[in-house]
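J.: Got a structure for you, final24.cif, holding mmCIF, C-alpha atoms.
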```cif
data_upload
#
loop_
_atom_site.group_PDB
_atom_site.id
_atom_site.type_symbol
_atom_site.label_atom_id
_atom_site.label_comp_id
_atom_site.auth_asym_id
_atom_site.auth_seq_id
_atom_site.Cartn_x
_atom_site.Cartn_y
_atom_site.Cartn_z
ATOM 1 C CA MET A 1 29.811 1.131 -14.322
ATOM 2 C CA PRO A 2 26.513 2.630 -13.071
ATOM 3 C CA ASP A 3 23.603 2.715 -15.481
ATOM 4 C CA THR A 4 23.242 6.330 -16.656
ATOM 5 C CA SER A 5 20.587 5.715 -19.295
ATOM 6 C CA PRO A 6 17.558 8.071 -19.340
ATOM 7 C CA LYS A 7 15.299 5.206 -18.226
ATOM 8 C CA SER A 8 17.540 4.417 -15.248
ATOM 9 C CA THR A 9 17.731 8.097 -14.310
ATOM 10 C CA ARG A 10 13.935 8.429 -14.334
ATOM 11 C CA ARG A 11 13.651 5.314 -12.169
ATOM 12 C CA ARG A 12 16.055 6.730 -9.582
ATOM 13 C CA ARG A 13 14.145 10.007 -9.489
ATOM 14 C CA ARG A 14 10.860 8.179 -8.954
ATOM 15 C CA ARG A 15 12.363 6.368 -5.961
ATOM 16 C CA ASP A 16 14.227 9.327 -4.416
ATOM 17 C CA PRO A 17 13.352 9.166 -0.684
ATOM 18 C CA ALA A 18 13.660 12.942 -0.282
ATOM 19 C CA ALA A 19 10.871 13.387 -2.821
ATOM 20 C CA ILE A 20 8.706 10.513 -1.593
ATOM 21 C CA TRP A 21 8.526 11.107 2.156
ATOM 22 C CA PRO A 22 6.500 14.345 1.802
ATOM 23 C CA LEU A 23 3.984 12.364 -0.283
ATOM 24 C CA ILE A 24 3.735 9.763 2.480
ATOM 25 C CA HIS A 25 3.199 12.450 5.098
ATOM 26 C CA THR A 26 0.465 14.048 2.984
ATOM 27 C CA GLU A 27 -1.366 10.736 2.603
ATOM 28 C CA ARG A 28 -1.087 9.883 6.288
ATOM 29 C CA ALA A 29 -2.456 13.288 7.268
ATOM 30 C CA ALA A 30 -5.358 12.935 4.815
ATOM 31 C CA LEU A 31 -6.210 9.496 6.196
ATOM 32 C CA ALA A 32 -6.119 10.721 9.798
ATOM 33 C CA SER A 33 -8.446 13.564 8.869
ATOM 34 C CA ASP A 34 -10.885 11.207 7.139
ATOM 35 C CA LEU A 35 -11.072 8.991 10.229
ATOM 36 C CA ALA A 36 -11.400 11.725 12.840
ATOM 37 C CA ALA A 37 -15.159 11.356 13.347
ATOM 38 C CA LEU A 38 -15.520 7.555 13.328
ATOM 39 C CA THR A 39 -17.669 5.871 15.964
ATOM 40 C CA GLU A 40 -16.518 2.757 17.796
ATOM 41 C CA GLU A 41 -18.935 0.767 15.658
ATOM 42 C CA GLN A 42 -17.308 2.108 12.495
ATOM 43 C CA TRP A 43 -13.833 1.304 13.828
ATOM 44 C CA ALA A 44 -14.942 -2.342 13.995
ATOM 45 C CA THR A 45 -15.833 -2.425 10.269
ATOM 46 C CA PRO A 46 -14.095 -5.264 8.396
ATOM 47 C CA SER A 47 -11.365 -3.882 6.136
ATOM 48 C CA LEU A 48 -10.345 -5.167 2.718
ATOM 49 C CA CYS A 49 -7.525 -7.044 4.474
ATOM 50 C CA GLU A 50 -8.916 -10.454 5.309
ATOM 51 C CA GLY A 51 -9.538 -10.891 9.021
ATOM 52 C CA LEU A 52 -8.665 -7.322 10.036
ATOM 53 C CA THR A 53 -10.910 -4.414 11.018
ATOM 54 C CA VAL A 54 -10.229 -0.895 9.768
ATOM 55 C CA ARG A 55 -8.905 -0.052 13.234
ATOM 56 C CA GLU A 56 -6.434 -2.946 13.088
ATOM 57 C CA VAL A 57 -5.196 -1.901 9.650
ATOM 58 C CA LEU A 58 -4.569 1.611 10.963
ATOM 59 C CA ALA A 59 -2.571 0.143 13.851
ATOM 60 C CA HIS A 60 -0.580 -1.825 11.270
ATOM 61 C CA LEU A 61 0.264 1.451 9.511
ATOM 62 C CA THR A 62 1.353 2.957 12.830
ATOM 63 C CA ALA A 63 3.598 -0.033 13.435
ATOM 64 C CA GLY A 64 5.231 0.378 10.041
ATOM 65 C CA ALA A 65 5.979 4.030 10.771
ATOM 66 C CA SER A 66 7.476 3.127 14.157
ATOM 67 C CA LEU A 67 9.842 0.288 13.220
ATOM 68 C CA ASN A 68 13.438 0.915 12.224
ATOM 69 C CA PRO A 69 15.471 -1.895 10.609
ATOM 70 C CA VAL A 70 17.042 -2.955 13.927
ATOM 71 C CA ARG A 71 13.692 -3.280 15.743
ATOM 72 C CA TRP A 72 12.193 -4.987 12.698
ATOM 73 C CA LEU A 73 14.958 -7.587 12.624
ATOM 74 C CA ALA A 74 14.712 -8.112 16.391
ATOM 75 C CA GLY A 75 10.994 -8.806 15.973
ATOM 76 C CA VAL A 76 11.607 -11.216 13.132
ATOM 77 C CA ILE A 77 14.085 -13.167 15.252
ATOM 78 C CA ARG A 78 11.734 -13.100 18.236
ATOM 79 C CA CYS A 79 8.966 -14.524 16.037
ATOM 80 C CA ARG A 80 11.338 -17.156 14.606
ATOM 81 C CA PHE A 81 11.115 -15.671 11.112
ATOM 82 C CA ASP A 82 7.330 -16.022 11.037
ATOM 83 C CA PHE A 83 6.582 -12.724 9.283
ATOM 84 C CA ASP A 84 2.826 -12.968 9.767
ATOM 85 C CA LYS A 85 3.370 -13.409 13.501
ATOM 86 C CA GLN A 86 5.659 -10.385 13.508
ATOM 87 C CA VAL A 87 2.983 -8.268 11.781
ATOM 88 C CA ALA A 88 0.340 -9.371 14.306
ATOM 89 C CA MET A 89 2.646 -8.684 17.240
ATOM 90 C CA ARG A 90 3.500 -5.161 16.105
ATOM 91 C CA LEU A 91 -0.136 -4.412 15.258
ATOM 92 C CA ALA A 92 -1.184 -5.341 18.793
ATOM 93 C CA GLU A 93 1.472 -3.021 20.214
ATOM 94 C CA HIS A 94 -0.119 -0.016 18.508
ATOM 95 C CA LEU A 95 -3.819 -0.864 18.663
ATOM 96 C CA GLY A 96 -4.627 0.912 21.918
ATOM 97 C CA THR A 97 -7.860 0.497 23.852
ATOM 98 C CA THR A 98 -10.326 2.464 21.686
ATOM 99 C CA GLY A 99 -10.615 3.697 18.137
ATOM 100 C CA ALA A 100 -9.746 7.209 19.281
ATOM 101 C CA ASP A 101 -6.630 5.852 20.958
ATOM 102 C CA THR A 102 -5.618 4.008 17.790
ATOM 103 C CA LEU A 103 -6.068 7.184 15.752
ATOM 104 C CA GLU A 104 -4.067 9.255 18.239
ATOM 105 C CA ARG A 105 -1.180 6.826 17.965
ATOM 106 C CA PHE A 106 -1.330 7.054 14.161
ATOM 107 C CA GLU A 107 -1.421 10.846 14.244
ATOM 108 C CA ALA A 108 1.784 10.787 16.290
ATOM 109 C CA VAL A 109 3.677 9.155 13.387
ATOM 110 C CA VAL A 110 2.212 11.129 10.482
ATOM 111 C CA THR A 111 5.534 12.891 9.818
ATOM 112 C CA SER A 112 7.761 9.948 10.763
ATOM 113 C CA THR A 113 10.490 8.865 8.354
ATOM 114 C CA THR A 114 11.188 5.697 10.339
ATOM 115 C CA SER A 115 10.528 2.452 8.509
ATOM 116 C CA PRO A 116 11.477 -1.213 8.258
ATOM 117 C CA PRO A 117 14.164 -2.073 5.662
ATOM 118 C CA LEU A 118 12.007 -0.997 2.724
ATOM 119 C CA PRO A 119 12.388 1.705 0.066
ATOM 120 C CA ALA A 120 10.387 4.855 0.731
ATOM 121 C CA VAL A 121 8.173 4.185 -2.296
ATOM 122 C CA ALA A 122 7.119 0.869 -0.712
ATOM 123 C CA MET A 123 6.043 2.811 2.377
ATOM 124 C CA LEU A 124 4.039 5.112 0.088
ATOM 125 C CA GLY A 125 2.375 1.977 -1.238
ATOM 126 C CA GLU A 126 1.592 0.761 2.266
ATOM 127 C CA THR A 127 0.004 4.124 3.080
ATOM 128 C CA ILE A 128 -2.154 4.400 -0.037
ATOM 129 C CA VAL A 129 -3.164 0.752 -0.420
ATOM 130 C CA HIS A 130 -3.979 0.258 3.262
ATOM 131 C CA GLY A 131 -5.644 3.660 3.265
ATOM 132 C CA GLU A 132 -8.012 2.298 0.639
ATOM 133 C CA ASP A 133 -8.386 -0.946 2.615
ATOM 134 C CA ILE A 134 -9.791 1.300 5.341
ATOM 135 C CA ARG A 135 -11.682 3.922 3.330
ATOM 136 C CA ARG A 136 -13.642 1.759 0.917
ATOM 137 C CA PRO A 137 -15.525 -0.344 3.514
ATOM 138 C CA LEU A 138 -16.384 2.894 5.332
ATOM 139 C CA GLY A 139 -17.742 4.534 2.177
ATOM 140 C CA LEU A 140 -14.972 7.146 2.188
ATOM 141 C CA SER A 141 -13.041 8.329 -0.859
ATOM 142 C CA ARG A 142 -9.973 10.435 -1.581
ATOM 143 C CA ASP A 143 -9.029 12.363 -4.711
ATOM 144 C CA TYR A 144 -5.373 11.315 -4.861
ATOM 145 C CA PRO A 145 -2.939 13.396 -6.927
ATOM 146 C CA ILE A 146 -2.356 11.580 -10.220
ATOM 147 C CA PRO A 147 1.440 12.141 -10.133
ATOM 148 C CA THR A 148 1.566 10.399 -6.745
ATOM 149 C CA LEU A 149 -0.492 7.460 -7.978
ATOM 150 C CA THR A 150 1.533 7.215 -11.188
ATOM 151 C CA ARG A 151 4.783 7.067 -9.248
ATOM 152 C CA LEU A 152 3.382 4.270 -7.099
ATOM 153 C CA ALA A 153 1.947 2.340 -10.039
ATOM 154 C CA GLU A 154 5.318 2.498 -11.789
ATOM 155 C CA TYR A 155 6.949 1.018 -8.690
ATOM 156 C CA TYR A 156 4.472 -1.851 -8.447
ATOM 157 C CA ARG A 157 4.889 -2.494 -12.171
ATOM 158 C CA GLU A 158 8.499 -3.461 -11.433
ATOM 159 C CA SER A 159 8.329 -5.019 -7.952
ATOM 160 C CA ASP A 160 7.038 -7.961 -5.927
ATOM 161 C CA LEU A 161 8.538 -6.606 -2.686
ATOM 162 C CA VAL A 162 6.110 -6.719 0.286
ATOM 163 C CA VAL A 163 3.191 -7.575 -1.986
ATOM 164 C CA GLN A 164 3.093 -9.412 -5.293
ATOM 165 C CA ALA A 165 2.308 -6.933 -8.042
ATOM 166 C CA LYS A 166 4.749 -7.431 -10.905
ATOM 167 C CA GLY A 167 4.032 -11.158 -11.009
ATOM 168 C CA ARG A 168 0.292 -10.597 -10.796
ATOM 169 C CA ILE A 169 0.235 -8.507 -13.986
ATOM 170 C CA ASP A 170 2.656 -10.663 -15.972
ATOM 171 C CA GLY A 171 1.463 -10.993 -19.559
ATOM 172 C CA LEU A 172 -1.166 -8.253 -19.179
ATOM 173 C CA ARG A 173 -1.217 -4.777 -20.712
ATOM 174 C CA LEU A 174 -2.356 -2.093 -18.252
ATOM 175 C CA THR A 175 -3.442 1.389 -19.291
ATOM 176 C CA ALA A 176 -4.653 4.182 -17.014
ATOM 177 C CA THR A 177 -7.613 6.221 -18.244
ATOM 178 C CA ASP A 178 -6.892 9.205 -15.986
ATOM 179 C CA GLY A 179 -3.121 9.494 -16.252
ATOM 180 C CA PRO A 180 0.016 8.417 -18.131
ATOM 181 C CA PHE A 181 0.591 5.051 -16.460
ATOM 182 C CA GLU A 182 1.087 2.046 -18.712
ATOM 183 C CA ALA A 183 2.564 -1.394 -18.134
ATOM 184 C CA GLY A 184 3.203 -4.513 -20.173
ATOM 185 C CA THR A 185 2.823 -5.359 -23.823
ATOM 186 C CA GLY A 186 0.652 -8.453 -23.629
ATOM 187 C CA PRO A 187 -2.495 -8.922 -25.707
ATOM 188 C CA ALA A 188 -4.845 -8.939 -22.700
ATOM 189 C CA LEU A 189 -5.853 -5.361 -21.855
ATOM 190 C CA VAL A 190 -6.772 -4.005 -18.428
ATOM 191 C CA SER A 191 -7.784 -0.348 -18.315
ATOM 192 C CA GLY A 192 -9.224 2.002 -15.713
ATOM 193 C CA ARG A 193 -8.343 4.639 -13.137
ATOM 194 C CA THR A 194 -4.784 4.579 -11.858
ATOM 195 C CA LEU A 195 -6.007 3.942 -8.309
ATOM 196 C CA SER A 196 -8.125 0.993 -9.410
ATOM 197 C CA LEU A 197 -5.161 -0.468 -11.301
ATOM 198 C CA ILE A 198 -2.923 -0.119 -8.227
ATOM 199 C CA MET A 199 -5.438 -1.782 -5.952
ATOM 200 C CA ALA A 200 -6.046 -4.615 -8.398
ATOM 201 C CA MET A 201 -2.296 -5.045 -8.902
ATOM 202 C CA THR A 202 -1.934 -5.518 -5.144
ATOM 203 C CA GLY A 203 -4.707 -8.111 -4.948
ATOM 204 C CA ARG A 204 -7.786 -6.084 -3.998
ATOM 205 C CA ILE A 205 -10.476 -7.944 -5.929
ATOM 206 C CA ALA A 206 -13.212 -5.345 -5.363
ATOM 207 C CA TYR A 207 -11.397 -2.878 -7.607
ATOM 208 C CA CYS A 208 -11.484 -5.289 -10.552
ATOM 209 C CA ASP A 209 -15.142 -4.281 -10.918
ATOM 210 C CA GLU A 210 -13.941 -0.794 -11.898
ATOM 211 C CA LEU A 211 -11.665 -2.063 -14.699
ATOM 212 C CA GLU A 212 -12.342 -2.956 -18.316
ATOM 213 C CA GLY A 213 -10.701 -5.215 -20.870
ATOM 214 C CA ASP A 214 -10.248 -8.889 -21.624
ATOM 215 C CA GLY A 215 -7.417 -9.122 -19.098
ATOM 216 C CA VAL A 216 -9.643 -8.305 -16.122
ATOM 217 C CA PRO A 217 -10.822 -11.918 -15.544
ATOM 218 C CA ILE A 218 -7.182 -13.027 -15.503
ATOM 219 C CA LEU A 219 -6.234 -10.353 -12.987
ATOM 220 C CA ARG A 220 -9.260 -11.171 -10.850
ATOM 221 C CA ASP A 221 -8.428 -14.871 -10.832
ATOM 222 C CA ARG A 222 -4.844 -14.177 -9.765
ATOM 223 C CA SER A 223 -6.066 -11.943 -6.949
ATOM 224 C CA GLU A 224 -8.576 -14.527 -5.710
ATOM 225 C CA THR A 225 -5.832 -17.150 -5.650
ATOM 226 C CA ALA A 226 -3.395 -14.975 -3.711
ATOM 227 C CA GLY A 227 -5.881 -13.323 -1.322
ATOM 228 C CA GLU A 228 -5.646 -9.893 0.284
ATOM 229 C CA ARG A 229 -3.356 -9.535 3.280
ATOM 230 C CA ALA A 230 -1.787 -6.794 5.382
#
```
Can the structure in the file be given as structure tokens, please?

T.:
Amino acid sequence: MPDTSPKSTRRRRRRDPAAIWPLIHTERAALASDLAALTEEQWATPSLCEGLTVREVLAHLTAGASLNPVRWLAGVIRCRFDFDKQVAMRLAEHLGTTGADTLERFEAVVTSTTSPPLPAVAMLGETIVHGEDIRRPLGLSRDYPIPTLTRLAEYYRESDLVVQAKGRIDGLRLTATDGPFEAGTGPALVSGRTLSLIMAMTGRIAYCDELEGDGVPILRDRSETAGERA
């Protein structure tokens, strides 16, 4: 029989695609707006994703919004199940010739609901986390809605899909200082803004500097071991 407990019901609501896609579209539009005035020099800025520029990360986001499950699987087979090679191949397809071209291609998929075989909330994570991978090196910031961040943090609390998050915070107790998000019951505390917790959960070491608690060194060490990837 299906689980009809209040906790299970809340989880299903948090992951309802009909409710999540508008959030994704909002975040894509905000990112496109933030990048509208970049120079070619700025487009070449190294992102928080090791080895990728901010322009390349944006092309990666465009690729994710352009791939349906059939095309994704075809690419995986073509790359002989080398997922990193598949990511690089799709990124190159959407990079374009200039930063303005890359942005135009991204703007064309802002309202897309096409995606690889991933839950919509994982696509929200891709949009926000990679958005920060782009914004932070450029000195840009966004005031994300706390309900959106909380929904995403609750997903990462329970998942290692696409990026390790659940495993990275195992044994730690996370508490947001700007919203209701909490995770874990361990003795080692990690506290800070919801955004900083999300980014640290997904391996972005720079955001550990914004967190407090005796669990921060543990989280930092796990992120340094895993590295930051697209």

J.: Rank A:Val216, A:Ala108, A:Ala65, A:Met199 by their smallest atom-to-atom distance to Ile24 of chain A, using all atoms listed in the file, and report the top residue only.

T.: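 Smallest distance to Ile24 of chain A is found for A:Ala65.
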
J.: May I ask for the distance between atom CA of Arg78 of chain A and atom CA of Glu56 of chain A, given in Å to one decimal place?

T.: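 Going from atom CA of Arg78 of chain A over to atom CA of Glu56 of chain A covers 21.4 Å.
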
J.: With distances taken over all atoms listed in the file, which of A:Ala30, A:Ile134, A:Leu189, A:Val121 is nearest to Ala153 of chain A?

T.: A:Val121

J.: Quick one: residues within 12 Å of Ala188 of chain A, all atoms listed in the file, excluding same-chain residues fewer than 2 positions away - as a count of residues only?

T.: 21

J.: Every residue with an atom at most 12 Å from (-16.8, 7.1, 11.0) (file coordinates; all atoms listed in the file) is what I'm after, so could you write them as a ChimeraX atom specification?

T.: /A:31-45,54-55,99-100,103,134-140

J.: Translate the PyMOL selection byres ((chain A and resi 49) around 12) into a concrete residue list for this structure, as a ChimeraX atom specification.

T.: /A:45-48,50-58,60,129-137,199,202-206,227-230

J.: May I ask which of the residues A:Arg142, A:Arg105, A:Arg168, A:Arg28 is the closest one to Ala63 of chain A, counting only C-alpha atoms?

T.: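 Among the listed residues, A:Arg105 lies closest to Ala63 of chain A.
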
J.: Got a sec to check which residues sit within 7 Å of (4.3, -5.7, 11.0), counting all atoms listed in the file, and write them as a CSV table (one decimal) with C-alpha atoms, keeping the file's coordinate frame?

T.:
```csv
chain,number,residue,atom,x,y,z
A,60,HIS,CA,-0.6,-1.8,11.3
A,63,ALA,CA,3.6,0.0,13.4
A,64,GLY,CA,5.2,0.4,10.0
A,86,GLN,CA,5.7,-10.4,13.5
A,87,VAL,CA,3.0,-8.3,11.8
A,88,ALA,CA,0.3,-9.4,14.3
A,90,ARG,CA,3.5,-5.2,16.1
A,91,LEU,CA,-0.1,-4.4,15.3
```

J.: I need the residue nearest Arg193 of chain A from this list: A:Glu158, A:Glu224, A:Glu210, A:Glu104. Use all atoms listed in the file for the distance.

T.: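 Looking only at the distances to Arg193 of chain A, the closest residue turns out to be A:Glu210.
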
J.: Please list as a list of chain:residue names every residue within 6 Å of Gly192 of chain A, counting all atoms listed in the file and excluding residues in the same chain fewer than 4 positions away.

T.: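 What passes the distance filter is A:Ala176, A:Thr177, A:Leu211.
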